[in-house]
file run-v6.txt (compact mmCIF, N, CA and C atoms)
# COMPACT_ATOMS: atom_id res chain seq x y z
N MET O 1 29.52 40.30 -18.27
CA MET O 1 28.70 39.15 -17.96
C MET O 1 29.60 37.90 -18.00
N LYS O 2 29.71 37.20 -16.87
CA LYS O 2 30.55 36.01 -16.79
C LYS O 2 29.79 34.82 -17.36
N LYS O 3 30.41 34.17 -18.32
CA LYS O 3 29.81 33.00 -18.97
C LYS O 3 30.90 32.00 -19.29
N ASN O 4 30.50 30.74 -19.40
CA ASN O 4 31.36 29.71 -19.97
C ASN O 4 30.88 29.52 -21.40
N ILE O 5 31.72 29.85 -22.35
CA ILE O 5 31.33 29.76 -23.75
C ILE O 5 32.16 28.68 -24.43
N LEU O 6 31.46 27.75 -25.03
CA LEU O 6 32.12 26.70 -25.79
C LEU O 6 32.03 27.07 -27.26
N LEU O 7 33.17 27.20 -27.90
CA LEU O 7 33.18 27.46 -29.34
C LEU O 7 32.97 26.13 -30.04
N LEU O 8 31.81 26.00 -30.65
CA LEU O 8 31.47 24.77 -31.37
C LEU O 8 31.85 24.90 -32.83
N SER O 9 32.49 23.87 -33.33
CA SER O 9 32.80 23.85 -34.76
C SER O 9 31.97 22.78 -35.48
N GLY O 10 31.41 21.89 -34.70
CA GLY O 10 30.75 20.75 -35.31
C GLY O 10 31.72 19.60 -35.53
N GLY O 11 32.99 19.85 -35.22
CA GLY O 11 34.01 18.82 -35.36
C GLY O 11 34.13 17.98 -34.10
N CYS O 12 34.93 16.93 -34.19
CA CYS O 12 35.02 15.97 -33.08
C CYS O 12 35.62 16.59 -31.81
N ASP O 13 36.53 17.55 -31.94
CA ASP O 13 37.17 18.12 -30.76
C ASP O 13 36.20 18.91 -29.89
N SER O 14 35.43 19.80 -30.50
CA SER O 14 34.49 20.61 -29.71
C SER O 14 33.33 19.75 -29.20
N VAL O 15 32.90 18.78 -29.97
CA VAL O 15 31.82 17.89 -29.53
C VAL O 15 32.31 17.03 -28.36
N TYR O 16 33.56 16.59 -28.41
CA TYR O 16 34.13 15.84 -27.29
C TYR O 16 34.11 16.69 -26.02
N LEU O 17 34.55 17.95 -26.12
CA LEU O 17 34.55 18.82 -24.95
C LEU O 17 33.14 18.97 -24.40
N LEU O 18 32.19 19.17 -25.27
CA LEU O 18 30.80 19.33 -24.86
C LEU O 18 30.34 18.13 -24.03
N HIS O 19 30.60 16.94 -24.51
CA HIS O 19 30.15 15.74 -23.81
C HIS O 19 30.99 15.45 -22.56
N HIS O 20 32.28 15.71 -22.63
CA HIS O 20 33.16 15.44 -21.49
C HIS O 20 32.89 16.40 -20.33
N PHE O 21 32.56 17.65 -20.66
CA PHE O 21 32.31 18.67 -19.63
C PHE O 21 30.84 19.05 -19.58
N LYS O 22 29.96 18.09 -19.80
CA LYS O 22 28.53 18.39 -19.95
C LYS O 22 27.90 18.98 -18.69
N LYS O 23 28.53 18.85 -17.56
CA LYS O 23 27.99 19.46 -16.35
C LYS O 23 28.30 20.95 -16.26
N THR O 24 29.18 21.41 -17.13
CA THR O 24 29.49 22.84 -17.18
C THR O 24 28.33 23.55 -17.87
N ASN O 25 27.93 24.68 -17.32
CA ASN O 25 26.83 25.43 -17.91
C ASN O 25 27.36 26.28 -19.07
N PHE O 26 27.42 25.66 -20.25
CA PHE O 26 27.96 26.33 -21.43
C PHE O 26 26.89 27.13 -22.17
N ASP O 27 27.30 28.24 -22.74
CA ASP O 27 26.60 28.86 -23.85
C ASP O 27 27.43 28.48 -25.07
N PHE O 28 26.77 28.33 -26.20
CA PHE O 28 27.46 27.86 -27.40
C PHE O 28 27.54 28.96 -28.45
N ILE O 29 28.71 29.05 -29.08
CA ILE O 29 28.89 29.97 -30.21
C ILE O 29 29.47 29.18 -31.37
N TYR O 30 28.92 29.45 -32.53
CA TYR O 30 29.40 28.86 -33.78
C TYR O 30 29.73 30.02 -34.72
N PHE O 31 30.94 30.01 -35.26
CA PHE O 31 31.37 31.06 -36.18
C PHE O 31 31.22 30.61 -37.62
N ILE O 32 30.69 31.50 -38.43
CA ILE O 32 30.59 31.28 -39.87
C ILE O 32 31.67 32.15 -40.51
N TYR O 33 32.55 31.53 -41.29
CA TYR O 33 33.64 32.29 -41.90
C TYR O 33 34.00 31.77 -43.29
N GLY O 34 33.04 31.12 -43.93
CA GLY O 34 33.28 30.60 -45.27
C GLY O 34 33.96 29.24 -45.25
N GLN O 35 33.80 28.51 -44.15
CA GLN O 35 34.47 27.23 -44.01
C GLN O 35 33.94 26.20 -45.02
N LYS O 36 34.83 25.32 -45.37
CA LYS O 36 34.56 24.30 -46.38
C LYS O 36 33.46 23.32 -45.96
N TYR O 37 33.39 22.99 -44.68
CA TYR O 37 32.48 21.94 -44.21
C TYR O 37 31.24 22.50 -43.51
N TYR O 38 30.84 23.69 -43.88
CA TYR O 38 29.72 24.37 -43.23
C TYR O 38 28.47 23.50 -43.17
N LYS O 39 28.07 22.91 -44.27
CA LYS O 39 26.82 22.12 -44.31
C LYS O 39 26.89 20.92 -43.38
N GLN O 40 28.03 20.22 -43.35
CA GLN O 40 28.18 19.08 -42.47
C GLN O 40 28.17 19.52 -41.00
N GLU O 41 28.82 20.66 -40.74
CA GLU O 41 28.86 21.16 -39.37
C GLU O 41 27.46 21.54 -38.89
N GLN O 42 26.65 22.08 -39.77
CA GLN O 42 25.29 22.48 -39.40
C GLN O 42 24.46 21.30 -38.92
N LEU O 43 24.64 20.14 -39.52
CA LEU O 43 23.91 18.96 -39.08
C LEU O 43 24.26 18.60 -37.64
N VAL O 44 25.54 18.71 -37.31
CA VAL O 44 25.98 18.41 -35.95
C VAL O 44 25.44 19.46 -34.97
N ILE O 45 25.50 20.73 -35.36
CA ILE O 45 25.03 21.82 -34.50
C ILE O 45 23.53 21.65 -34.21
N GLU O 46 22.77 21.29 -35.21
CA GLU O 46 21.32 21.08 -35.02
C GLU O 46 21.06 19.95 -34.03
N LYS O 47 21.84 18.89 -34.10
CA LYS O 47 21.69 17.78 -33.14
C LYS O 47 22.02 18.24 -31.72
N ILE O 48 23.06 19.05 -31.60
CA ILE O 48 23.45 19.56 -30.27
C ILE O 48 22.34 20.44 -29.70
N GLU O 49 21.77 21.29 -30.52
CA GLU O 49 20.68 22.16 -30.05
C GLU O 49 19.52 21.32 -29.52
N LYS O 50 19.18 20.27 -30.24
CA LYS O 50 18.08 19.40 -29.81
C LYS O 50 18.43 18.66 -28.53
N GLU O 51 19.63 18.08 -28.50
CA GLU O 51 20.04 17.28 -27.35
C GLU O 51 20.14 18.10 -26.07
N TYR O 52 20.68 19.34 -26.17
CA TYR O 52 20.92 20.16 -24.98
C TYR O 52 19.83 21.20 -24.74
N GLY O 53 18.88 21.31 -25.67
CA GLY O 53 17.79 22.26 -25.50
C GLY O 53 18.24 23.70 -25.43
N LYS O 54 19.33 24.00 -26.10
CA LYS O 54 19.87 25.36 -26.12
C LYS O 54 20.06 25.79 -27.57
N VAL O 55 19.89 27.07 -27.78
CA VAL O 55 20.13 27.62 -29.10
C VAL O 55 21.60 27.99 -29.20
N VAL O 56 22.21 27.63 -30.30
CA VAL O 56 23.60 28.00 -30.57
C VAL O 56 23.61 29.39 -31.18
N GLU O 57 24.44 30.26 -30.63
CA GLU O 57 24.57 31.62 -31.18
C GLU O 57 25.49 31.56 -32.39
N TYR O 58 25.06 32.13 -33.48
CA TYR O 58 25.85 32.19 -34.71
C TYR O 58 26.44 33.58 -34.85
N ILE O 59 27.74 33.64 -35.15
CA ILE O 59 28.40 34.91 -35.44
C ILE O 59 29.02 34.77 -36.82
N ASP O 60 28.60 35.63 -37.73
CA ASP O 60 29.06 35.58 -39.12
C ASP O 60 30.23 36.54 -39.31
N LEU O 61 31.39 35.98 -39.62
CA LEU O 61 32.59 36.78 -39.85
C LEU O 61 32.81 37.07 -41.33
N GLY O 62 31.86 36.66 -42.16
CA GLY O 62 32.07 36.80 -43.60
C GLY O 62 33.00 35.70 -44.07
N LYS O 63 33.57 35.86 -45.22
CA LYS O 63 34.48 34.85 -45.75
C LYS O 63 35.92 35.24 -45.44
N LEU O 64 36.55 34.47 -44.58
CA LEU O 64 37.94 34.72 -44.24
C LEU O 64 38.84 34.05 -45.26
N GLU O 65 40.00 34.63 -45.46
CA GLU O 65 40.95 34.09 -46.45
C GLU O 65 41.54 32.77 -45.98
N THR O 66 41.55 31.79 -46.88
CA THR O 66 42.08 30.47 -46.58
C THR O 66 43.28 30.18 -47.49
N LYS O 67 44.35 29.71 -46.90
CA LYS O 67 45.53 29.32 -47.67
C LYS O 67 45.32 27.92 -48.25
N GLU O 68 46.18 27.56 -49.18
CA GLU O 68 46.07 26.24 -49.84
C GLU O 68 46.16 25.08 -48.86
N ASN O 69 46.90 25.26 -47.77
CA ASN O 69 47.06 24.18 -46.79
C ASN O 69 45.89 24.09 -45.82
N GLY O 70 44.87 24.92 -46.02
CA GLY O 70 43.70 24.89 -45.15
C GLY O 70 43.73 25.89 -44.02
N PHE O 71 44.85 26.57 -43.84
CA PHE O 71 44.97 27.56 -42.76
C PHE O 71 44.11 28.77 -43.09
N VAL O 72 43.24 29.14 -42.16
CA VAL O 72 42.37 30.30 -42.32
C VAL O 72 43.01 31.45 -41.56
N LEU O 73 43.41 32.47 -42.32
CA LEU O 73 44.16 33.58 -41.74
C LEU O 73 43.39 34.31 -40.64
N GLY O 74 43.97 34.37 -39.45
CA GLY O 74 43.41 35.12 -38.34
C GLY O 74 42.19 34.53 -37.67
N ARG O 75 41.79 33.35 -38.06
CA ARG O 75 40.54 32.77 -37.58
C ARG O 75 40.42 32.79 -36.05
N ASN O 76 41.39 32.24 -35.36
CA ASN O 76 41.28 32.13 -33.91
C ASN O 76 41.35 33.49 -33.22
N LEU O 77 42.10 34.41 -33.78
CA LEU O 77 42.13 35.77 -33.23
C LEU O 77 40.78 36.45 -33.41
N TYR O 78 40.18 36.31 -34.59
CA TYR O 78 38.82 36.85 -34.80
C TYR O 78 37.84 36.28 -33.78
N PHE O 79 37.93 34.99 -33.52
CA PHE O 79 37.03 34.36 -32.56
C PHE O 79 37.16 35.02 -31.19
N LEU O 80 38.39 35.17 -30.72
CA LEU O 80 38.62 35.76 -29.41
C LEU O 80 38.12 37.19 -29.34
N ILE O 81 38.38 37.95 -30.38
CA ILE O 81 37.94 39.36 -30.42
C ILE O 81 36.42 39.45 -30.35
N GLU O 82 35.74 38.66 -31.15
CA GLU O 82 34.28 38.72 -31.18
C GLU O 82 33.67 38.33 -29.84
N VAL O 83 34.20 37.31 -29.20
CA VAL O 83 33.68 36.92 -27.89
C VAL O 83 33.98 38.01 -26.87
N ALA O 84 35.19 38.57 -26.88
CA ALA O 84 35.56 39.60 -25.91
C ALA O 84 34.68 40.85 -26.05
N LYS O 85 34.34 41.19 -27.27
CA LYS O 85 33.49 42.37 -27.47
C LYS O 85 32.08 42.14 -26.92
N LYS O 86 31.57 40.95 -27.08
CA LYS O 86 30.19 40.65 -26.69
C LYS O 86 30.07 40.17 -25.24
N TYR O 87 31.06 39.41 -24.79
CA TYR O 87 31.04 38.82 -23.44
C TYR O 87 32.40 39.07 -22.78
N PRO O 88 32.65 40.28 -22.31
CA PRO O 88 34.01 40.67 -21.88
C PRO O 88 34.56 39.96 -20.65
N GLU O 89 33.75 39.17 -19.96
CA GLU O 89 34.27 38.44 -18.80
C GLU O 89 34.11 36.93 -18.98
N ALA O 90 33.99 36.49 -20.19
CA ALA O 90 33.73 35.07 -20.47
C ALA O 90 34.98 34.21 -20.31
N THR O 91 34.73 32.96 -19.98
CA THR O 91 35.76 31.93 -20.09
C THR O 91 35.42 31.17 -21.36
N ILE O 92 36.37 31.15 -22.27
CA ILE O 92 36.16 30.57 -23.59
C ILE O 92 36.82 29.19 -23.64
N TRP O 93 36.03 28.19 -23.96
CA TRP O 93 36.51 26.82 -24.06
C TRP O 93 36.69 26.49 -25.54
N ILE O 94 37.89 26.03 -25.88
CA ILE O 94 38.20 25.73 -27.28
C ILE O 94 38.76 24.30 -27.36
N GLY O 95 38.26 23.54 -28.31
CA GLY O 95 38.63 22.13 -28.44
C GLY O 95 39.79 21.88 -29.38
N THR O 96 40.75 22.76 -29.38
CA THR O 96 41.94 22.51 -30.19
C THR O 96 42.78 21.45 -29.49
N ASN O 97 43.35 20.53 -30.25
CA ASN O 97 44.07 19.44 -29.61
C ASN O 97 45.57 19.52 -29.86
N LYS O 98 46.30 18.62 -29.24
CA LYS O 98 47.76 18.63 -29.32
C LYS O 98 48.29 18.41 -30.74
N ASP O 99 47.46 17.84 -31.61
CA ASP O 99 47.90 17.57 -32.98
C ASP O 99 47.70 18.74 -33.93
N ASP O 100 46.97 19.80 -33.48
CA ASP O 100 46.80 20.97 -34.33
C ASP O 100 48.15 21.66 -34.49
N THR O 101 48.57 21.87 -35.73
CA THR O 101 49.92 22.37 -35.97
C THR O 101 49.97 23.80 -36.50
N PHE O 102 48.82 24.41 -36.77
CA PHE O 102 48.83 25.77 -37.29
C PHE O 102 49.36 26.73 -36.22
N GLY O 103 49.98 27.82 -36.66
CA GLY O 103 50.63 28.76 -35.76
C GLY O 103 49.72 29.43 -34.75
N ASP O 104 48.43 29.47 -35.04
CA ASP O 104 47.50 30.10 -34.09
C ASP O 104 46.72 29.05 -33.31
N ASN O 105 47.27 27.88 -33.19
CA ASN O 105 46.58 26.80 -32.47
C ASN O 105 47.49 26.18 -31.42
N ASN O 106 48.25 27.03 -30.75
CA ASN O 106 49.11 26.51 -29.69
C ASN O 106 48.96 27.37 -28.44
N VAL O 107 49.38 26.85 -27.34
CA VAL O 107 49.22 27.51 -26.05
C VAL O 107 49.88 28.88 -26.04
N ARG O 108 51.06 28.97 -26.60
CA ARG O 108 51.79 30.25 -26.63
C ARG O 108 50.98 31.32 -27.36
N PHE O 109 50.42 30.97 -28.52
CA PHE O 109 49.60 31.93 -29.26
C PHE O 109 48.43 32.39 -28.41
N TYR O 110 47.70 31.44 -27.83
CA TYR O 110 46.50 31.80 -27.08
C TYR O 110 46.81 32.68 -25.87
N LYS O 111 47.90 32.40 -25.17
CA LYS O 111 48.29 33.24 -24.03
C LYS O 111 48.50 34.68 -24.48
N LYS O 112 49.27 34.85 -25.56
CA LYS O 112 49.56 36.19 -26.06
C LYS O 112 48.31 36.86 -26.63
N ALA O 113 47.50 36.10 -27.36
CA ALA O 113 46.30 36.66 -27.97
C ALA O 113 45.31 37.13 -26.90
N VAL O 114 45.12 36.35 -25.85
CA VAL O 114 44.21 36.74 -24.78
C VAL O 114 44.72 38.01 -24.11
N PHE O 115 46.02 38.10 -23.89
CA PHE O 115 46.60 39.30 -23.30
C PHE O 115 46.32 40.52 -24.18
N VAL O 116 46.58 40.40 -25.48
CA VAL O 116 46.39 41.52 -26.40
C VAL O 116 44.91 41.90 -26.50
N VAL O 117 44.05 40.91 -26.63
CA VAL O 117 42.61 41.19 -26.74
C VAL O 117 42.11 41.88 -25.46
N ASN O 118 42.50 41.39 -24.31
CA ASN O 118 42.06 42.01 -23.06
C ASN O 118 42.56 43.45 -22.93
N LYS O 119 43.80 43.69 -23.30
CA LYS O 119 44.34 45.06 -23.26
C LYS O 119 43.62 45.96 -24.27
N SER O 120 43.34 45.43 -25.45
CA SER O 120 42.75 46.21 -26.52
C SER O 120 41.28 46.54 -26.29
N PHE O 121 40.55 45.62 -25.68
CA PHE O 121 39.10 45.79 -25.54
C PHE O 121 38.66 46.02 -24.09
N GLY O 122 39.61 46.05 -23.16
CA GLY O 122 39.25 46.24 -21.76
C GLY O 122 38.47 45.06 -21.20
N SER O 123 38.63 43.92 -21.83
CA SER O 123 37.92 42.72 -21.41
C SER O 123 38.76 41.94 -20.40
N LYS O 124 38.14 40.89 -19.87
CA LYS O 124 38.82 40.01 -18.92
C LYS O 124 38.56 38.56 -19.30
N ILE O 125 38.64 38.28 -20.60
CA ILE O 125 38.36 36.91 -21.03
C ILE O 125 39.45 35.98 -20.53
N LYS O 126 39.05 34.75 -20.34
CA LYS O 126 39.98 33.67 -19.99
C LYS O 126 39.78 32.58 -21.01
N ILE O 127 40.75 31.70 -21.09
CA ILE O 127 40.65 30.63 -22.09
C ILE O 127 40.94 29.29 -21.45
N LYS O 128 40.22 28.29 -21.89
CA LYS O 128 40.44 26.91 -21.46
C LYS O 128 40.70 26.09 -22.72
N LEU O 129 41.80 25.37 -22.69
CA LEU O 129 42.19 24.47 -23.80
C LEU O 129 42.41 23.08 -23.20
N PRO O 130 41.37 22.40 -22.79
CA PRO O 130 41.54 21.14 -22.06
C PRO O 130 42.24 20.04 -22.84
N LEU O 131 42.25 20.12 -24.16
CA LEU O 131 42.92 19.09 -24.95
C LEU O 131 44.38 19.41 -25.20
N LYS O 132 44.82 20.52 -24.67
CA LYS O 132 46.24 20.92 -24.68
C LYS O 132 46.63 21.17 -23.24
N ASP O 133 47.82 21.65 -23.02
CA ASP O 133 48.20 22.12 -21.69
C ASP O 133 47.54 23.47 -21.49
N THR O 134 46.69 23.62 -20.50
CA THR O 134 45.94 24.86 -20.28
C THR O 134 46.90 25.99 -19.88
N PRO O 135 46.76 27.13 -20.57
CA PRO O 135 47.63 28.27 -20.22
C PRO O 135 47.27 28.86 -18.88

call {"tool": "encode", "arguments": {"input": "run-v6.txt", "output": "structure tokens"}}
result
Amino acid sequence: MKKNILLLSGGCDSVYLLHHFKKTNFDFIYFIYGQKYYKQEQLVIEKIEKEYGKVVEYIDLGKLETKENGFVLGRNLYFLIEVAKKYPEATIWIGTNKDDTFGDNNVRFYKKAVFVVNKSFGSKIKIKLPLKDTP
């Protein structure tokens, strides 16, 4: 099923993408993984649901391990895998920006991860990173 899926975090980057590309017919996914700002993010997600008249799909990954520096191990790879399993032909929009410095938040990582996920799951997902150089 071909879809444009926007991964919403409730943070400024994904909300910016939503408003900047509002003419795109997005489905929304929000991942729960034990994040520190879950309650604050929920307030933003609820506002988005009301404003856009769409229900945000929640996917619970359980509590992922977080390092002292805030890096959540495997987070972005888990996101890609879960979307590929459920929506194998989706285009996934992610609001990671040029200032994100974690090892799994760069164009090179996403190119390789999409390749591996597609080979592993027989999917054909694509990725859009408009706040970075798109792979």

call {"tool": "atom_distance", "arguments": {"input": "run-v6.txt", "atom1": "atom CA of O:Lys39", "atom2": "atom C of O:Phe79"}}
result
21.1 Å

call {"tool": "residues_around", "arguments": {"input": "run-v6.txt", "residues": "O:Ser123", "least_positions_apart": "4", "cutoff": "6.5 Å", "atoms": "only N, CA and C atoms", "output": "JSON, numbers by chain"}}
result
{"O": [84, 88, 89, 117, 118, 119]}

call {"tool": "atom_distance", "arguments": {"input": "run-v6.txt", "atom1": "atom CA of O:Leu129", "atom2": "atom CA of O:Asn105"}}
result
10.0 Å

call {"tool": "closest_residue", "arguments": {"input": "run-v6.txt", "among": "O:Lys132, O:Tyr30, O:Lys126, O:Leu6", "to": "O:Val56", "atoms": "only N, CA and C atoms"}}
result
O:Tyr30

call {"tool": "residues_around", "arguments": {"input": "run-v6.txt", "residues": "O:Phe21", "least_positions_apart": "4", "cutoff": "12 Å", "atoms": "only C-alpha atoms", "output": "VMD selection string"}}
result
chain O and resid 4 to 6 14 to 17 25 to 26 93 to 95 128 130 to 131

call {"tool": "select_by_dssp", "arguments": {"input": "run-v6.txt", "residues": "stretch 48-112 of chain O", "states": "strand (DSSP E or B)", "output": "list in words"}}
result
Glu57, Tyr58, Ile59, Asp60, Thr66, Val72, Thr91, Ile92 and Trp93 of chain O

call {"tool": "residues_around", "arguments": {"input": "run-v6.txt", "residues": "stretch 41-46 of chain O", "least_positions_apart": "3", "cutoff": "7 Å", "atoms": "only N, CA and C atoms", "output": "ChimeraX atom specification"}}
result
/O:9-11,37-38,49-51

call {"tool": "axis_aligned_box", "arguments": {"input": "run-v6.txt", "around": "stretch 6-23 of chain O", "padding_each_side": "3 Å", "output": "AutoDock Vina command-line options"}}
result
--center_x 32.5 --center_y 21.6 --center_z -25.9 --size_x 15.3 --size_y 18.3 --size_z 25.3
